[in-house]
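Read the structure below first, then the notes.
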Amino acid sequence: MRKKKIVIALGHDALGTTLPEQKLATKRAAKTVVDFIKDDYQVVITHSNGPQIGMIHTAMAEFCRIYPEYTATPMSVCSAMSQGYIGYDLQNAIRTELLNRGIYKPVSTILTQVSVDPYDDAFYHPSKVIGRVMTEEEAEAEEKKGNHVVKTGEGYRRIVAAPQPVDIIEIDAIRALLCADQIVIACGGGGIPVLAQNNKLKGASAVIEKDLAAGRLAKLIEADRLVILTGVERVCLDFGSGHERPLEEMTVAQAREYMEEGQFGEGTMLPKIEAAVEFIGNSAVRSALITKLDVSDEDSPAASGTVIHK
């Protein structure tokens with residue numbers, strides 16, 4: 001009998017911000033992940049990397065400012081670094097939790113590249129703020145390099161594009177590990193955005209919404225369920241108002257209606273709903289669950305959130 005496949009997307013709350021916070025947070029996240037593994041799912045895990053890639057980009061930019069003889073670090077390389085060090089903590093935390101429960105399964109992190117369309121409209125309208133606060137002079141220098149800068153309340157900061165994920169370069173490796181019943185960590189931070197140029201892949205100065213990448217990953221491995229762990233227990237209508245309406249479930253059609261009404265915040269809940277809708281498509285068997293880390297009930301881990309289905 002075929003085991004059910006599940007993609008678990010870990011949000012910021014599952015990872016923390018600083019190195020010590022990340023160590024503790026990944027231990028908590030590992031317990032939830034292993035609950036699914038214990039229930040005999042084949043599991044692929046993806047995760048956010050916002051604070052981590054920001055820290056790496058800031059550190060590398062500051063290093064090059066102090067030592068100008070060194071080459072600046074591209075965003076794609078910063079993304080690869082974040083995948084490596086988050087994956088390191090996460091796979092070790094999951095391995096420890098598995099062994100503590102008497103489960104013997106390998107856990108691997110795959111450095112994952114995700115292709116994007118060079119003509120994606122996002123490249124003409126960059127929106128993701130990254131990196132350190134700069135002075136006006138430093139901002140002008142960044143713009144002379146061809147980078148985009150925006151003025152914030154603190155000063156000037158760099159902004160990059162957030163294009164849609166098109167394909168996952170290492171998808172065959174992910175499938176092979178899953179077929180071997182191993183646990184895979186992939187597409188961290190939405191994946192390393194790359195542009196295909198004949199037989200070469202070129203890193204793009206961009207970031208990918210990790211929820212959208214998780215939805216694409218779930219679709220490509222033909223998963224049965226997509227679980228997005230975030231900071232709220234349920235998806236709410238009229239979120240932030242005095243009359244929030246938590247949803248236990250909704251159909252794909254309802255989700256589309258709510259998106260058209262502007263019920264979900266851009267950069268927060270909207271990409272999660274978009275990922276769920278894209279993953280489920282017209283399937284009568286696929287489902288998505290959006291909930292808070294560590295919320296659970298008697299049916300399955302994190303089952304008290306919002307379920308989305310056809």
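Chain labels run A, B, ... following the order of the structure tokens; each chain numbers its residues from 1, and ligands are numbered from 1 in the order shown.
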Original post:
What lies within 7 Å of Gly131 (chain A) using only C-alpha atoms, ignoring chain neighbours under 4 positions off, as number ranges by chain?
Top reply: A: 54, 57-58, 157-158
Any chance you can output those residues with C-alpha atoms as a short mmCIF file (atom, residue, chain, number, x, y, z; two decimals), in the first residue's frame?
```
data_model
loop_
_atom_site.label_atom_id
_atom_site.label_comp_id
_atom_site.auth_asym_id
_atom_site.auth_seq_id
_atom_site.Cartn_x
_atom_site.Cartn_y
_atom_site.Cartn_z
CA GLY A 54 18.67 39.08 6.11
CA HIS A 57 23.15 39.46 3.55
CA THR A 58 23.82 42.19 6.12
CA ARG A 157 17.23 49.60 2.44
CA ARG A 158 17.62 47.37 -0.57
#
```
**OP:** Pick out the residues sitting within 12 Å of Asn100 (chain A), and hand them over as an MDAnalysis selection string; count only C-alpha atoms, and ignore anything fewer than 4 positions along from it in its own chain.
**Re:** chainID A and resid 30:31 34 93:96 104:105
**OP:** Name the residues of region 135-197 of chain A that fall into strand (DSSP E) according to DSSP on the backbone, using the chain letters and numbers of this document, as a list in words.
**Re:**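 Residues meeting the strand (DSSP E) criterion: His148, Val149, Val150, Lys151, Tyr156, Arg157, Arg158, Ile159, Val160, Asp167, Ile168, Ile183, Val184, Ile185, Ile192, Pro193, Val194, Leu195, Ala196 and Gln197 of chain A.
Proximity ranking of A:Val43, A:Lys4, A:Arg132, A:Asp172 relative to Met60 (chain A) places A:Arg132 first, based on only C-alpha atoms.
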Subject >> For region 241-250 of chain A: contacts at 6 Å, only C-alpha atoms, fewer than 3 positions along chain excluded, given as a ChimeraX atom specification >> reply: /A:234-238,306-308
**OP:** Quick one: everything within 6 Å of Val114 (chain A), counting only C-alpha atoms, minus sequence neighbours fewer than 3 positions away in the same chain. Send it as a ChimeraX atom specification.
**Re:** /A:167-169,191-194
Subject >> Among the residues A:Lys310, A:Lys151, A:Arg175, A:Arg2, the one that comes closest to Val133 (chain A) [using only C-alpha atoms] >> reply: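 Smallest separation from Val133 (chain A) among the options: A:Lys151.
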Original post:
Which residue, A:Pro126, A:Pro20, A:Gly189, A:Pro68, has the smallest gap to Pro165 (chain A) when you use only C-alpha atoms?
Top reply: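 So, comparing all the options, the nearest one is A:Gly189.
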**OP:** Would you mind telling me which residue in A:Lys292, A:Lys3, A:His12, A:Arg65 lies nearest to Gln42 (chain A) when using only C-alpha atoms?
**Re:** A:Lys3
Original post:
Of the residues A:Cys78, A:Ala288, A:Glu209, A:Ala161, which is the one nearest to His125 (chain A), using only C-alpha atoms?
Top reply: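 Comparing A:Cys78, A:Ala288, A:Glu209, A:Ala161 against His125 (chain A), the winner is A:Ala161.
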Original post:
Which neighbours of Glu136 (chain A) fall inside 9 Å, counting only C-alpha atoms, when residues of the same chain fewer than 5 positions from it are skipped, and could you give them as a count of residues only?
Top reply: 4
Subject >> Residue contacts of Ala275 (chain A) (8 Å, only C-alpha atoms) excluding same-chain residues fewer than 6 positions away, as JSON, numbers by chain >> reply: {"A": [211, 212, 213, 214, 215, 216]}
Next, dump the selected residues to file, keeping only C-alpha atoms, as a compact mmCIF listing (two decimals), in the first residue's frame.
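To be explicit, this is the file written out as again.txt:
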```
# COMPACT_ATOMS: atom_id res chain seq x y z
CA ASP A 211 4.67 29.09 0.81
CA LEU A 212 4.37 29.28 -2.98
CA ALA A 213 7.47 27.11 -3.35
CA ALA A 214 5.99 24.64 -0.85
CA GLY A 215 2.82 24.43 -2.93
CA ARG A 216 4.82 23.84 -6.09
```
Original post:
Of the residues A:Gly188, A:Ala122, A:Phe63, A:Val277, which is the one nearest to Gly84 (chain A), using only C-alpha atoms?
Top reply: A:Gly188
Subject >> Between CA of Ala284 (chain A) and CA of His309 (chain A), distance in Å (one decimal) >> reply: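 So the answer is 7.4 Å.
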